[in-house]
$ cat run-v7.pdb   # PDB, C-alpha atoms and all ligand atoms
ATOM      1  CA  VAL O   1     117.362 207.842 153.923
ATOM      2  CA  TRP O   2     120.742 209.251 153.619
ATOM      3  CA  ALA O   3     123.276 208.163 151.045
ATOM      4  CA  ALA O   4     126.499 208.613 152.873
ATOM      5  CA  LYS O   5     129.158 209.044 150.273
ATOM      6  CA  ALA O   6     127.833 212.218 148.796
ATOM      7  CA  TRP O   7     127.043 213.600 152.225
ATOM      8  CA  ARG O   8     130.454 212.789 153.597
ATOM      9  CA  GLU O   9     132.193 214.292 150.619
ATOM     10  CA  GLY O  10     129.814 217.239 150.608
ATOM     11  CA  ASP O  11     129.398 216.434 146.934
ATOM     12  CA  PRO O  12     127.580 219.362 145.392
ATOM     13  CA  GLY O  13     127.382 217.430 142.157
ATOM     14  CA  GLY O  14     125.358 214.627 143.732
ATOM     15  CA  THR O  15     122.162 214.091 141.804
ATOM     16  CA  ARG O  16     119.110 215.656 143.331
ATOM     17  CA  ALA O  17     116.338 213.412 142.152
ATOM     18  CA  GLY O  18     113.758 215.842 142.410
ATOM     19  CA  ARG O  19     110.106 215.670 143.036
ATOM     20  CA  ARG O  20     108.540 216.103 146.398
ATOM     21  CA  PRO O  21     107.219 212.814 147.704
ATOM     22  CA  ARG O  22     103.548 212.073 147.855
ATOM     23  CA  ALA O  23     101.862 209.585 150.088
ATOM     24  CA  GLY O  24     101.969 206.649 147.727
ATOM     25  CA  SER O  25     105.368 207.102 146.127
ATOM     26  CA  VAL O  26     108.222 204.763 146.807
ATOM     27  CA  PRO O  27     110.215 205.538 148.704
ATOM     28  CA  THR O  28     109.686 208.839 150.371
ATOM     29  CA  GLY O  29     111.779 210.197 153.183
ATOM     30  CA  PHE O  30     114.893 211.839 151.929
ATOM     31  CA  LEU O  31     115.551 209.451 149.124
ATOM     32  CA  ASP O  32     112.730 210.117 146.752
ATOM     33  CA  VAL O  33     113.037 208.016 143.685
ATOM     34  CA  ASP O  34     110.554 207.527 140.925
ATOM     35  CA  VAL O  35     110.758 203.775 140.697
ATOM     36  CA  THR O  36     109.369 203.790 137.214
ATOM     37  CA  SER O  37     112.478 205.606 135.994
ATOM     38  CA  ALA O  38     114.910 202.821 136.926
ATOM     39  CA  PRO O  39     117.793 202.233 136.513
ATOM     40  CA  LEU O  40     118.621 204.123 139.632
ATOM     41  CA  ALA O  41     121.997 205.488 140.494
ATOM     42  CA  LEU O  42     121.707 205.159 144.226
ATOM     43  CA  GLU O  43     125.335 205.972 144.831
ATOM     44  CA  CYS O  44     124.744 209.377 143.229
ATOM     45  CA  LEU O  45     121.725 210.325 145.289
ATOM     46  CA  TYR O  46     121.538 212.338 148.427
ATOM     47  CA  THR O  47     119.002 214.372 150.398
ATOM     48  CA  PRO O  48     117.020 214.915 147.248
ATOM     49  CA  TRP O  49     113.960 216.874 148.051
ATOM     50  CA  ALA O  50     114.071 218.723 151.344
ATOM     51  CA  PRO O  51     112.601 222.149 150.592
ATOM     52  CA  GLY O  52     114.581 223.669 153.460
ATOM     53  CA  THR O  53     118.203 222.586 153.664
ATOM     54  CA  ASP O  54     121.294 223.768 155.383
ATOM     55  CA  SER O  55     124.466 224.694 153.540
ATOM     56  CA  ASP O  56     125.461 221.032 153.138
ATOM     57  CA  GLY O  57     122.152 220.170 151.574
ATOM     58  CA  ALA O  58     121.024 218.439 154.742
ATOM     59  CA  PRO O  59     117.303 218.676 155.485
ATOM     60  CA  THR O  60     116.265 220.814 158.399
ATOM     61  CA  PRO O  61     114.010 219.195 161.019
ATOM     62  CA  GLN O  62     111.030 221.452 160.471
ATOM     63  CA  ASP O  63     110.744 220.029 156.964
ATOM     64  CA  CYS O  64     109.996 216.547 158.233
ATOM     65  CA  PRO O  65     106.723 215.168 156.898
ATOM     66  CA  ARG O  66     104.289 213.001 158.865
ATOM     67  CA  VAL O  67     104.791 210.177 156.411
ATOM     68  CA  PHE O  68     108.174 208.552 155.847
ATOM     69  CA  SER O  69     106.629 206.464 153.089
ATOM     70  CA  ALA O  70     103.067 205.214 152.573
ATOM     71  CA  GLY O  71     104.538 202.181 150.859
ATOM     72  CA  LEU O  72     104.042 201.199 147.289
ATOM     73  CA  ASP O  73     101.739 203.330 145.235
ATOM     74  CA  LEU O  74      98.490 201.402 145.204
ATOM     75  CA  THR O  75      97.299 203.259 142.143
ATOM     76  CA  GLU O  76     100.144 201.532 140.268
ATOM     77  CA  MET O  77      98.606 198.193 141.220
ATOM     78  CA  CYS O  78      94.979 198.923 140.439
ATOM     79  CA  GLY O  79      93.172 198.973 137.107
ATOM     80  CA  ARG O  80      96.311 198.749 134.968
ATOM     81  CA  ASN O  81      97.439 196.134 132.476
ATOM     82  CA  PRO O  82      99.812 193.185 133.014
ATOM     83  CA  ALA O  83     102.674 194.889 131.159
ATOM     84  CA  HIS O  84     102.402 197.860 133.501
ATOM     85  CA  TYR O  85     102.410 195.641 136.589
ATOM     86  CA  ALA O  86     105.460 193.775 135.306
ATOM     87  CA  GLU O  87     107.381 196.980 134.673
ATOM     88  CA  TYR O  88     106.378 198.407 138.034
ATOM     89  CA  TRP O  89     107.389 195.304 139.952
ATOM     90  CA  LYS O  90     110.724 195.108 138.166
ATOM     91  CA  ALA O  91     111.400 198.681 139.254
ATOM     92  CA  VAL O  92     110.433 197.869 142.848
ATOM     93  CA  GLN O  93     112.828 194.916 142.813
ATOM     94  CA  GLU O  94     115.548 197.115 141.355
ATOM     95  CA  LEU O  95     115.054 199.790 143.985
ATOM     96  CA  TRP O  96     115.262 197.269 146.806
ATOM     97  CA  LEU O  97     118.270 195.426 145.395
ATOM     98  CA  ARG O  98     120.221 198.614 144.893
ATOM     99  CA  THR O  99     119.344 199.907 148.306
ATOM    100  CA  TYR O 100     119.944 196.605 150.068
ATOM    101  CA  LEU O 101     123.254 195.948 148.326
ATOM    102  CA  SER O 102     124.524 199.509 148.341
ATOM    103  CA  SER O 103     128.083 199.858 149.518
ATOM    104  CA  LEU O 104     127.114 203.202 151.057
ATOM    105  CA  VAL O 105     126.155 203.564 154.676
ATOM    106  CA  LEU O 106     122.404 204.150 154.653
ATOM    107  CA  VAL O 107     120.652 205.458 157.745
ATOM    108  CA  ALA O 108     116.859 205.705 157.704
ATOM    109  CA  ALA O 109     115.630 208.778 159.569
ATOM    110  CA  ILE O 110     112.024 207.701 159.944
ATOM    111  CA  ASN O 111     110.017 210.782 160.625
ATOM    112  CA  GLY O 112     106.547 209.513 159.874
ATOM    113  CA  ALA O 113     104.371 206.507 159.149
ATOM    114  CA  CYS O 114     106.308 203.673 157.562
ATOM    115  CA  PRO O 115     104.054 200.834 156.347
ATOM    116  CA  ALA O 116     104.808 198.012 153.899
ATOM    117  CA  GLY O 117     107.024 199.241 151.036
ATOM    118  CA  GLY O 118     108.207 202.081 153.282
ATOM    119  CA  CYS O 119     109.268 199.564 155.897
ATOM    120  CA  ILE O 120     111.064 197.474 153.324
ATOM    121  CA  ILE O 121     113.172 200.433 152.203
ATOM    122  CA  ALA O 122     113.946 201.281 155.832
ATOM    123  CA  LEU O 123     114.918 197.640 156.382
ATOM    124  CA  ALA O 124     117.310 197.839 153.444
ATOM    125  CA  CYS O 125     119.232 200.533 155.311
ATOM    126  CA  ASP O 126     121.996 199.765 157.778
ATOM    127  CA  CYS O 127     120.306 201.448 160.664
ATOM    128  CA  ARG O 128     116.904 202.900 161.528
ATOM    129  CA  VAL O 129     116.088 205.866 163.752
ATOM    130  CA  LEU O 130     112.366 206.356 164.412
ATOM    131  CA  ALA O 131     110.651 209.440 165.770
ATOM    132  CA  ASP O 132     108.814 208.803 169.014
ATOM    133  CA  ASN O 133     105.294 209.582 167.929
ATOM    134  CA  PRO O 134     102.503 207.062 168.554
ATOM    135  CA  LYS O 135     101.156 207.725 165.055
ATOM    136  CA  TYR O 136     104.377 206.633 163.376
ATOM    137  CA  HIS O 137     103.751 202.948 162.915
ATOM    138  CA  ILE O 138     106.137 200.698 161.047
ATOM    139  CA  GLY O 139     105.754 197.179 159.678
ATOM    140  CA  LEU O 140     104.497 194.999 156.865
ATOM    141  CA  ASN O 141     100.717 195.336 156.794
ATOM    142  CA  GLU O 142     100.089 193.675 153.418
ATOM    143  CA  THR O 143      97.598 191.118 154.717
ATOM    144  CA  LEU O 144      95.300 193.938 155.826
ATOM    145  CA  LEU O 145      95.110 194.982 152.187
ATOM    146  CA  GLY O 146      94.218 191.419 151.177
ATOM    147  CA  ILE O 147      97.627 190.870 149.593
ATOM    148  CA  THR O 148     100.721 188.983 150.685
ATOM    149  CA  ALA O 149     104.220 190.264 151.256
ATOM    150  CA  PRO O 150     106.578 188.793 148.652
ATOM    151  CA  PHE O 151     109.200 186.334 149.893
ATOM    152  CA  TRP O 152     112.008 188.886 149.825
ATOM    153  CA  PHE O 153     110.047 191.330 152.016
ATOM    154  CA  LYS O 154     109.580 188.399 154.393
ATOM    155  CA  ASP O 155     113.264 187.521 154.236
ATOM    156  CA  ALA O 156     114.276 191.055 155.168
ATOM    157  CA  TYR O 157     111.789 191.004 158.040
ATOM    158  CA  VAL O 158     113.037 187.661 159.360
ATOM    159  CA  ASN O 159     116.653 188.833 159.094
ATOM    160  CA  THR O 160     115.793 191.800 161.268
ATOM    161  CA  ILE O 161     113.264 190.667 163.864
ATOM    162  CA  GLY O 162     113.511 186.872 163.699
ATOM    163  CA  HIS O 163     111.194 184.125 162.554
ATOM    164  CA  ARG O 164     108.542 183.990 165.255
ATOM    165  CA  ALA O 165     108.031 187.744 165.490
ATOM    166  CA  SER O 166     107.854 187.916 161.666
ATOM    167  CA  GLU O 167     105.416 185.054 161.429
ATOM    168  CA  GLN O 168     103.072 186.729 163.851
ATOM    169  CA  ALA O 169     103.454 190.268 162.543
ATOM    170  CA  LEU O 170     103.150 189.235 158.887
ATOM    171  CA  GLN O 171      99.987 187.234 159.376
ATOM    172  CA  LEU O 172      98.368 189.964 161.443
ATOM    173  CA  GLY O 173      99.617 192.743 159.156
ATOM    174  CA  TYR O 174     100.797 194.324 162.380
ATOM    175  CA  LEU O 175     102.117 197.867 162.394
ATOM    176  CA  PHE O 176     104.416 198.427 165.371
ATOM    177  CA  PRO O 177     104.220 201.650 167.357
ATOM    178  CA  PRO O 178     107.680 203.076 168.187
ATOM    179  CA  SER O 179     108.201 201.449 171.587
ATOM    180  CA  GLU O 180     107.298 197.998 170.264
ATOM    181  CA  ALA O 181     109.334 198.507 167.096
ATOM    182  CA  LEU O 182     112.351 199.191 169.295
ATOM    183  CA  GLN O 183     111.660 196.243 171.538
ATOM    184  CA  VAL O 184     111.404 193.788 168.659
ATOM    185  CA  GLY O 185     114.489 195.229 166.931
ATOM    186  CA  LEU O 186     112.693 196.615 163.908
ATOM    187  CA  VAL O 187     114.315 199.979 164.585
ATOM    188  CA  ASP O 188     117.583 200.705 166.352
ATOM    189  CA  GLN O 189     116.673 203.924 168.117
ATOM    190  CA  VAL O 190     113.509 205.779 169.041
ATOM    191  CA  VAL O 191     114.113 209.432 169.777
ATOM    192  CA  PRO O 192     112.061 212.610 170.177
ATOM    193  CA  GLU O 193     110.850 213.892 166.845
ATOM    194  CA  ASP O 194     113.165 216.890 166.766
ATOM    195  CA  GLN O 195     116.195 214.653 167.325
ATOM    196  CA  VAL O 196     115.669 212.204 164.481
ATOM    197  CA  LEU O 197     118.008 213.886 162.036
ATOM    198  CA  SER O 198     120.765 214.672 164.506
ATOM    199  CA  THR O 199     120.633 211.102 165.809
ATOM    200  CA  ALA O 200     120.724 209.740 162.261
ATOM    201  CA  LEU O 201     123.785 211.873 161.572
ATOM    202  CA  SER O 202     125.496 210.636 164.722
ATOM    203  CA  GLU O 203     124.764 207.067 163.671
ATOM    204  CA  MET O 204     126.126 207.843 160.239
ATOM    205  CA  ALA O 205     129.351 209.161 161.732
ATOM    206  CA  ARG O 206     129.673 205.997 163.820
ATOM    207  CA  TRP O 207     129.342 203.755 160.780
ATOM    208  CA  LEU O 208     131.626 205.911 158.668
ATOM    209  CA  ALA O 209     134.349 205.705 161.286
ATOM    210  CA  VAL O 210     134.878 202.061 160.308
ATOM    211  CA  PRO O 211     137.316 201.485 157.413
ATOM    212  CA  ASP O 212     135.164 201.472 154.275
ATOM    213  CA  HIS O 213     136.532 198.359 152.610
ATOM    214  CA  ALA O 214     136.106 196.223 155.732
ATOM    215  CA  ARG O 215     132.607 197.509 156.397
ATOM    216  CA  GLN O 216     131.550 197.042 152.767
ATOM    217  CA  LEU O 217     132.882 193.490 152.515
ATOM    218  CA  THR O 218     131.176 192.606 155.772
ATOM    219  CA  LYS O 219     127.900 194.147 154.651
ATOM    220  CA  ASN O 220     128.040 192.182 151.431
ATOM    221  CA  MET O 221     128.858 188.992 153.296
ATOM    222  CA  MET O 222     125.809 189.471 155.534
ATOM    223  CA  ARG O 223     123.390 190.410 152.747
ATOM    224  CA  LYS O 224     124.464 188.471 149.675
ATOM    225  CA  ALA O 225     122.479 185.288 150.289
ATOM    226  CA  THR O 226     119.231 187.198 150.792
ATOM    227  CA  ALA O 227     119.753 189.314 147.685
ATOM    228  CA  ASP O 228     120.863 186.318 145.619
ATOM    229  CA  ARG O 229     117.643 184.555 146.449
ATOM    230  CA  LEU O 230     115.710 187.291 144.680
ATOM    231  CA  LEU O 231     118.275 187.674 141.899
ATOM    232  CA  ARG O 232     117.928 183.983 141.052
ATOM    233  CA  GLN O 233     114.152 184.271 140.726
ATOM    234  CA  ARG O 234     113.527 187.787 139.520
ATOM    235  CA  ASP O 235     111.472 186.843 136.480
ATOM    236  CA  ALA O 236     109.447 184.260 138.374
ATOM    237  CA  ASP O 237     108.796 186.819 141.096
ATOM    238  CA  ILE O 238     107.541 189.305 138.495
ATOM    239  CA  GLN O 239     105.278 186.691 136.927
ATOM    240  CA  ASN O 240     103.964 185.746 140.340
ATOM    241  CA  PHE O 241     103.246 189.378 141.187
ATOM    242  CA  VAL O 242     101.480 189.997 137.862
ATOM    243  CA  SER O 243      99.266 186.939 138.047
ATOM    244  CA  PHE O 244      98.452 187.639 141.710
ATOM    245  CA  ILE O 245      97.659 191.312 141.260
ATOM    246  CA  CYS O 246      95.579 190.678 138.113
ATOM    247  CA  ARG O 247      93.131 188.476 140.000
ATOM    248  CA  ASP O 248      89.673 190.030 140.215
ATOM    249  CA  SER O 249      89.479 189.313 143.948
ATOM    250  CA  ILE O 250      92.816 191.087 144.593
ATOM    251  CA  GLN O 251      91.871 194.068 142.459
ATOM    252  CA  LYS O 252      88.628 194.298 144.410
ATOM    253  CA  SER O 253      90.474 194.177 147.763
ATOM    254  CA  LEU O 254      92.867 196.933 146.732
ATOM    255  CA  GLN O 255      90.089 199.129 145.450
ATOM    256  CA  VAL O 256      88.134 198.708 148.683
ATOM    257  CA  TYR O 257      91.260 199.561 150.704
ATOM    258  CA  LEU O 258      91.995 202.658 148.624
ATOM    259  CA  GLU O 259      88.407 203.775 148.914
ATOM    260  CA  LYS O 260      88.577 203.390 152.716
ATOM    261  CA  LEU O 261      91.725 205.517 152.777
ATOM    262  CA  ARG O 262      90.048 208.218 150.759
ATOM    263  CA  GLN O 263      86.930 208.167 152.946
ATOM    264  CA  ARG O 264      89.001 208.280 156.116
ATOM    265  CA  LYS O 265      90.518 211.461 154.792
ATOM    266  CA  GLY O 266      87.081 213.008 154.298
TER     267      GLY O 266
HETATM  268  C1  LIG F 301     102.850 188.353 145.568
HETATM  269  C2  LIG F 301     103.087 189.775 146.012
HETATM  270  C3  LIG F 301     101.918 190.590 145.801
HETATM  271  C4  LIG F 301     101.756 191.838 146.176
HETATM  272  C5  LIG F 301     102.746 192.602 146.954
HETATM  273  C6  LIG F 301     102.437 194.084 146.886
HETATM  274  C7  LIG F 301     103.185 194.788 147.936
HETATM  275  C8  LIG F 301     102.789 195.973 148.388
HETATM  276  C9  LIG F 301     103.487 196.667 149.448
HETATM  277  C10 LIG F 301     102.883 198.015 149.788
HETATM  278  O1  LIG F 301     103.611 198.918 150.052
HETATM  279  S1  LIG F 301     101.186 198.167 149.757
HETATM  280  C11 LIG F 301     100.856 199.788 150.387
HETATM  281  C12 LIG F 301     100.704 199.737 151.855
HETATM  282  N1  LIG F 301     100.480 201.072 152.372
HETATM  283  C13 LIG F 301      99.542 201.352 153.244
HETATM  284  O2  LIG F 301      98.768 200.513 153.672
HETATM  285  C14 LIG F 301      99.466 202.773 153.689
HETATM  286  C15 LIG F 301      98.131 203.346 153.468
HETATM  287  N2  LIG F 301      98.100 204.746 153.842
HETATM  288  C16 LIG F 301      97.923 205.162 155.099
HETATM  289  O3  LIG F 301      97.789 204.413 156.040
HETATM  290  C17 LIG F 301      97.911 206.645 155.314
HETATM  291  O4  LIG F 301      97.707 207.253 154.058
HETATM  292  C18 LIG F 301      99.186 207.193 155.926
HETATM  293  C19 LIG F 301      99.252 206.778 157.404
HETATM  294  C20 LIG F 301     100.440 206.706 155.203
HETATM  295  C21 LIG F 301      99.167 208.737 155.839
HETATM  296  O5  LIG F 301      98.019 209.194 156.443
HETATM  297  P1  LIG F 301      97.550 210.684 156.140
HETATM  298  O6  LIG F 301      98.670 211.623 156.282
HETATM  299  O7  LIG F 301      96.341 210.904 156.976
HETATM  300  O8  LIG F 301      97.249 210.677 154.586
HETATM  301  P2  LIG F 301      95.924 210.199 153.914
HETATM  302  O9  LIG F 301      95.452 208.916 154.475
HETATM  303  O10 LIG F 301      94.969 211.329 153.941
HETATM  304  O11 LIG F 301      96.366 209.924 152.420
HETATM  305  C22 LIG F 301      96.567 210.999 151.523
HETATM  306  C23 LIG F 301      96.258 210.498 150.118
HETATM  307  O12 LIG F 301      97.188 209.465 149.774
HETATM  308  C24 LIG F 301      96.479 208.284 149.392
HETATM  309  N3  LIG F 301      97.311 207.139 149.740
HETATM  310  C25 LIG F 301      97.749 206.792 150.954
HETATM  311  N4  LIG F 301      98.537 205.715 150.880
HETATM  312  C26 LIG F 301      98.593 205.383 149.578
HETATM  313  C27 LIG F 301      99.259 204.352 148.859
HETATM  314  N5  LIG F 301     100.053 203.435 149.462
HETATM  315  N6  LIG F 301      99.127 204.309 147.529
HETATM  316  C28 LIG F 301      98.371 205.217 146.878
HETATM  317  N7  LIG F 301      97.697 206.231 147.510
HETATM  318  C29 LIG F 301      97.831 206.290 148.836
HETATM  319  C30 LIG F 301      95.178 208.395 150.137
HETATM  320  O13 LIG F 301      94.202 207.588 149.530
HETATM  321  C31 LIG F 301      94.908 209.877 149.964
HETATM  322  O14 LIG F 301      94.521 210.077 148.607
HETATM  323  P3  LIG F 301      93.599 211.283 148.131
HETATM  324  O15 LIG F 301      93.429 211.066 146.660
HETATM  325  O16 LIG F 301      92.327 211.165 148.895
HETATM  326  O17 LIG F 301      94.367 212.529 148.470
END
$ encode --input "run-v7.pdb" --output "structure tokens"
Amino acid sequence: VWAAKAWREGDPGGTRAGRRPRAGSVPTGFLDVDVTSAPLALECLYTPWAPGTDSDGAPTPQDCPRVFSAGLDLTEMCGRNPAHYAEYWKAVQELWLRTYLSSLVLVAAINGACPAGGCIIALACDCRVLADNPKYHIGLNETLLGITAPFWFKDAYVNTIGHRASEQALQLGYLFPPSEALQVGLVDQVVPEDQVLSTALSEMARWLAVPDHARQLTKNMMRKATADRLLRQRDADIQNFVSFICRDSIQKSLQVYLEKLRQRKG
């Protein structure tokens, strides 16, 4: 994810929020933010972690990982206490709201798997470019973990791919391979892996060519109602998350899922 202002201005003072992403952090990609250290200054972030960068701080293609984001960190949702869950969820809300409502142009260069929380951050961007690799699935797979996507994940999905496609994909926890993601409108472009960054930059240039104030007002007009829906019910949404995630049956489901992931690795 590329925060445009700093990139466009070549701002060397832009904050590099700096740890290398791991599979369960949120989000990964080029905007790596520790959600537990909210408040976030999204407008000050750009290309934060790429170990190999060109002179503008732009990541070089060979640095692309196989995972754009593995979604929310499941270890933050397992075996902790209610206060921890509440703080974590508030930070997740904050991250999404700031990304979704950012006045910057945000282009997601999706160079790896992009499930659940990863997808939601990509959906908060203005445009998505996905690498054409059959392993790079994208979507909201929460039901496969035995959990449900919160209403604002669902809203973002519906806004992007429509009601029927969302209804089906959400219930099935379906992860779209690139060609299907393009067909349903979940991503805007699918390109060969080595062209993801250059395509994302071209897209960025296209969006930046529009007068800022007009683009920003229009973006706000399109997104405000969806964001307001969460803003009006933030506390209730946190309480709902905490009581849901604290259930023994949900904790059990998440632990089983995590264990499967670990075994698959072995
Ligand atoms: C009312 C609302 C209630 C609840 C809403 C809660 C919303 C949650 C939204 C979410 O985002 S849930 C998370 C969904 N994410 C996933 O299902 C992704 C799971 N991971 C994978 O499918 C794969 O790891 C991958 C395709 C992303 C990458 O595959 P690969 O490169 O082969 O890596 P590994 O599978 O070997 O994983 C390495 C390592 O990372 C651990 N891990 C993977 N994903 C997560 C995660 N989301 N959280 C925490 N940890 C994760 C995995 O277990 C491995 O751990 P080791 O300790 O064995 O290294």
$ closest_residue --input "run-v7.pdb" --among "O:Thr160, O:Gln189, O:Gln93, O:Thr75" --to "Ile238 in chain O" --atoms "only C-alpha atoms"
O:Gln93
$ closest_residue --input "run-v7.pdb" --among "O:Lys224, O:Arg206, O:His84, O:Lys135" --to "ligand LIG 301 (chain F)" --atoms "all atoms listed in the file"
O:Lys135
$ resolve_selection --input "run-v7.pdb" --expression "the PyMOL selection byres (((chain O and resi 251) around 12) and not hetatm)" --output "compact mmCIF listing (two decimals) with C-alpha atoms, in the frame of the given file"
# COMPACT_ATOMS: atom_id res chain seq x y z
CA LEU O 74 98.49 201.40 145.20
CA THR O 75 97.30 203.26 142.14
CA GLU O 76 100.14 201.53 140.27
CA MET O 77 98.61 198.19 141.22
CA CYS O 78 94.98 198.92 140.44
CA GLY O 79 93.17 198.97 137.11
CA ARG O 80 96.31 198.75 134.97
CA ASN O 81 97.44 196.13 132.48
CA LEU O 145 95.11 194.98 152.19
CA GLY O 146 94.22 191.42 151.18
CA ILE O 147 97.63 190.87 149.59
CA VAL O 242 101.48 190.00 137.86
CA SER O 243 99.27 186.94 138.05
CA PHE O 244 98.45 187.64 141.71
CA ILE O 245 97.66 191.31 141.26
CA CYS O 246 95.58 190.68 138.11
CA ARG O 247 93.13 188.48 140.00
CA ASP O 248 89.67 190.03 140.22
CA SER O 249 89.48 189.31 143.95
CA ILE O 250 92.82 191.09 144.59
CA LYS O 252 88.63 194.30 144.41
CA SER O 253 90.47 194.18 147.76
CA LEU O 254 92.87 196.93 146.73
CA GLN O 255 90.09 199.13 145.45
CA VAL O 256 88.13 198.71 148.68
CA TYR O 257 91.26 199.56 150.70
CA LEU O 258 92.00 202.66 148.62
$ residues_near_ligand --input "run-v7.pdb" --ligand "ligand LIG 301 (chain F)" --cutoff "6 Å" --atoms "only C-alpha atoms and all ligand atoms" --output "MDAnalysis selection string"
chainID O and resid 23:24 67 70:75 113 115:117 142 147:150 240:241 244 258 261:262 265
$ write_last_selection --input "run-v7.pdb" --atoms "C-alpha atoms" --output "compact mmCIF listing (two decimals), in the frame of the given file"
# COMPACT_ATOMS: atom_id res chain seq x y z
CA ALA O 23 101.86 209.58 150.09
CA GLY O 24 101.97 206.65 147.73
CA VAL O 67 104.79 210.18 156.41
CA ALA O 70 103.07 205.21 152.57
CA GLY O 71 104.54 202.18 150.86
CA LEU O 72 104.04 201.20 147.29
CA ASP O 73 101.74 203.33 145.24
CA LEU O 74 98.49 201.40 145.20
CA THR O 75 97.30 203.26 142.14
CA ALA O 113 104.37 206.51 159.15
CA PRO O 115 104.05 200.83 156.35
CA ALA O 116 104.81 198.01 153.90
CA GLY O 117 107.02 199.24 151.04
CA GLU O 142 100.09 193.68 153.42
CA ILE O 147 97.63 190.87 149.59
CA THR O 148 100.72 188.98 150.68
CA ALA O 149 104.22 190.26 151.26
CA PRO O 150 106.58 188.79 148.65
CA ASN O 240 103.96 185.75 140.34
CA PHE O 241 103.25 189.38 141.19
CA PHE O 244 98.45 187.64 141.71
CA LEU O 258 92.00 202.66 148.62
CA LEU O 261 91.72 205.52 152.78
CA ARG O 262 90.05 208.22 150.76
CA LYS O 265 90.52 211.46 154.79
$ closest_residue --input "run-v7.pdb" --among "O:Ile121, O:Thr143, O:Gln216, O:Gly185" --to "Glu94 in chain O" --atoms "only C-alpha atoms"
O:Ile121
$ atom_distance --input "run-v7.pdb" --atom1 "CA of Leu95 in chain O" --atom2 "CA of Asp194 in chain O"
28.5 Å
$ atom_distance --input "run-v7.pdb" --atom1 "CA of Val187 in chain O" --atom2 "CA of Arg128 in chain O"
5.0 Å
$ resolve_selection --input "run-v7.pdb" --expression "the PyMOL selection byres (((chain O and resi 103) around 9) and not hetatm)" --output "short mmCIF file (atom, residue, chain, number, x, y, z; two decimals) with C-alpha atoms, in the coordinates of the input"
data_model
loop_
_atom_site.label_atom_id
_atom_site.label_comp_id
_atom_site.auth_asym_id
_atom_site.auth_seq_id
_atom_site.Cartn_x
_atom_site.Cartn_y
_atom_site.Cartn_z
CA GLU O 43 125.34 205.97 144.83
CA THR O 99 119.34 199.91 148.31
CA TYR O 100 119.94 196.60 150.07
CA LEU O 101 123.25 195.95 148.33
CA SER O 102 124.52 199.51 148.34
CA LEU O 104 127.11 203.20 151.06
CA VAL O 105 126.16 203.56 154.68
CA LEU O 106 122.40 204.15 154.65
CA ASP O 212 135.16 201.47 154.28
CA ARG O 215 132.61 197.51 156.40
CA GLN O 216 131.55 197.04 152.77
CA LEU O 217 132.88 193.49 152.51
CA LYS O 219 127.90 194.15 154.65
CA ASN O 220 128.04 192.18 151.43
#
$ closest_residue --input "run-v7.pdb" --among "O:Pro134, O:Gly139, O:Pro192, O:Gly118" --to "Ala169 in chain O" --atoms "only C-alpha atoms"
O:Gly139
$ closest_residue --input "run-v7.pdb" --among "O:Val107, O:Met222, O:Ala91, O:Leu97" --to "Leu208 in chain O" --atoms "all atoms listed in the file"
O:Val107
$ resolve_selection --input "run-v7.pdb" --expression "the PyMOL selection byres (((chain O and resi 112) around 6) and not hetatm)" --output "PyMOL selection string"
chain O and resi 66-68+110-111+113+136
